[in-house]
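Reviewing the structure listed below.
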Amino acid sequence: MLCHKCPEKAVIELQHGALCRNHFINYFEDKVFKTIKKYQLIERKDKLCVAASGGKDSLTVLHLTKKYLEKNNLDTNNLFALVIDEGIANYRQHTIEDLKLFCQKEEVELKIISAKQEFNYTLDQAYPIINKKSKKKPCNICGVWRRYLLNKYSRKFAATKLITGHNLDDEAQAIIMNIFKANTELAAHLGPISGVQEHKLFVRRIKPLYFCTEKETRLYALLKRFQVNFKECPYAEEGYRIQIRDMLNEFESKYKGTKQGIIQSFLALLPLLKEKAIQELSAPIKVCIKCQEPANQEICNACKLGDILKNAR
Ligand code: SF4
């Protein structure tokens, strides 16, 4: 198969034709830069924190954010990476090693925050205790911890935007999960810029890879020779999201464009969802009485998990 733009061998076949290595890299980067521009994800005054993990998505978004800043004569000193070490044995320490090398090469500062230091437990230690009391799966606990620590520390380090490596597949899965669970309120928080309103305790999350598929992002990372440990987290198989991912992949292989269709339909509805969410915001965002971080209720979800661990001692 040849590239439809030149006589070179193609590395991928997309809906509009096959592309060689160089044309694919240009196409991918162009798509990311257009997303940043169209949705005004990055502004001149922004201090940017990339939520990094050492996986292909976060390395790709870190590399391309730096490239975007350079291309647009923006200050690259306003960019840093933040990784949460949840404490997952034989997994996270490897991705952090990959990430350290990558950040050194890219000349981007890396900050590491450990769940053990913050909550006194690693995820491996906390999961069996919390699961016994509340049946929560590792990904539920990990999700609460990661959201909490990323927001808290990106804000402490003065970031105005938190960049995540969510790609089109991640977003399509999140949309379907919210539909299946009737979480219309949570769905309003999705999109290339998450959240429905500005708040001084929240750092807004942006997703430059929003229109890039998992397959495209994986190929980009491979072609750019990013050193990535492609292994999955040992807890990944236990998540609800994995079942949604497999279902969507099966649909996509039978009906091309399924995931794109989900994203496009969702984006058409998103302004309505956001408007409804703003109208229904009855109470201002609360502050957790234990840790003073933002919360939906009196006590935030991270402190509720902390209480389970404390009571189990
Ligand atoms: Fe955390 Fe689950 Fe992701 Fe593992 S798969 S890093 S436990 S959210």
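Each chain of the structure tokens is named A, B, ... in the order shown, its residues numbered from 1; ligands are numbered from 1 in display order.
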Got a sec to check which residues lie within 7 Å of ligand 1, using only C-alpha atoms and all ligand atoms, and send them as number ranges by chain? A: 138-140, 142-143, 233-236, 239
Give me, as JSON lines, the closest atom pair and its distance (Å, one decimal) for every residue of segment 82-175 of chain A within a cut-off of 6 Å of segment 53-68 of chain A, counting only C-alpha atoms, rows sorted by chain and rising number.
```
{"residue": "A:Val83", "atom": "CA", "partner": "A:Ser53", "partner_atom": "CA", "distance": 5.6}
{"residue": "A:Thr95", "atom": "CA", "partner": "A:Gly54", "partner_atom": "CA", "distance": 4.6}
{"residue": "A:Ile96", "atom": "CA", "partner": "A:Gly54", "partner_atom": "CA", "distance": 5.8}
{"residue": "A:Asp98", "atom": "CA", "partner": "A:Gly54", "partner_atom": "CA", "distance": 5.8}
{"residue": "A:Leu99", "atom": "CA", "partner": "A:Gly54", "partner_atom": "CA", "distance": 4.5}
{"residue": "A:Gly165", "atom": "CA", "partner": "A:Ser58", "partner_atom": "CA", "distance": 4.8}
```
Considering only C-alpha atoms, return as a PyMOL selection string whatever protein or nucleic-acid residues lie within 6 Å of Ala51 of chain A, sequence-local ones (same chain, fewer than 6 positions apart) excluded. chain A and resi 82+163-164
May I ask which of the residues A:Val203, A:Ile42, A:Leu190, A:Ala81 is the closest one to Tyr148 of chain A, counting only C-alpha atoms?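 When distances to Tyr148 of chain A are compared using only C-alpha atoms, the smallest one comes from A:Val203.
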Within 7 Å of segment 174-188 of chain A using only C-alpha atoms, minus same-chain residues under 4 positions, as number ranges by chain: A: 170, 196, 270, 273-274, 277
Would you save the residues from that selection as a JSON list (two decimals), in the first residue's frame, using N, CA and C atoms?
```
[["chain", "number", "residue", "atom", "x", "y", "z"],
["A", 170, "ASP", "N", -10.56, 7.42, 24.42],
["A", 170, "ASP", "CA", -10.86, 7.65, 25.86],
["A", 170, "ASP", "C", -12.16, 8.43, 26.00],
["A", 196, "VAL", "N", -17.61, 22.98, 33.70],
["A", 196, "VAL", "CA", -18.68, 23.86, 33.20],
["A", 196, "VAL", "C", -18.50, 25.30, 33.66],
["A", 270, "LEU", "N", -23.08, 19.10, 23.39],
["A", 270, "LEU", "CA", -22.34, 19.60, 24.57],
["A", 270, "LEU", "C", -22.77, 21.01, 25.02],
["A", 273, "LEU", "N", -25.78, 20.62, 27.10],
["A", 273, "LEU", "CA", -25.49, 19.95, 28.38],
["A", 273, "LEU", "C", -24.83, 20.93, 29.36],
["A", 274, "LYS", "N", -23.91, 21.75, 28.83],
["A", 274, "LYS", "CA", -23.20, 22.71, 29.69],
["A", 274, "LYS", "C", -24.18, 23.78, 30.21],
["A", 277, "ALA", "N", -26.29, 22.31, 32.85],
["A", 277, "ALA", "CA", -25.52, 22.09, 34.09],
["A", 277, "ALA", "C", -25.33, 23.42, 34.83]]
```
Which residue out of A:Phe119, A:Phe102, A:Glu43, A:Ser253 has the minimum interatomic distance to Arg225 of chain A when only C-alpha atoms are used?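 With only C-alpha atoms as the atom set, the closest residue is A:Phe102.
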For Leu209 of chain A, please output as a VMD selection string all residues within 8 Å (counting only C-alpha atoms; exclusion window: fewer than 6 positions along the same chain). chain A and resid 32 35 61 165 to 168
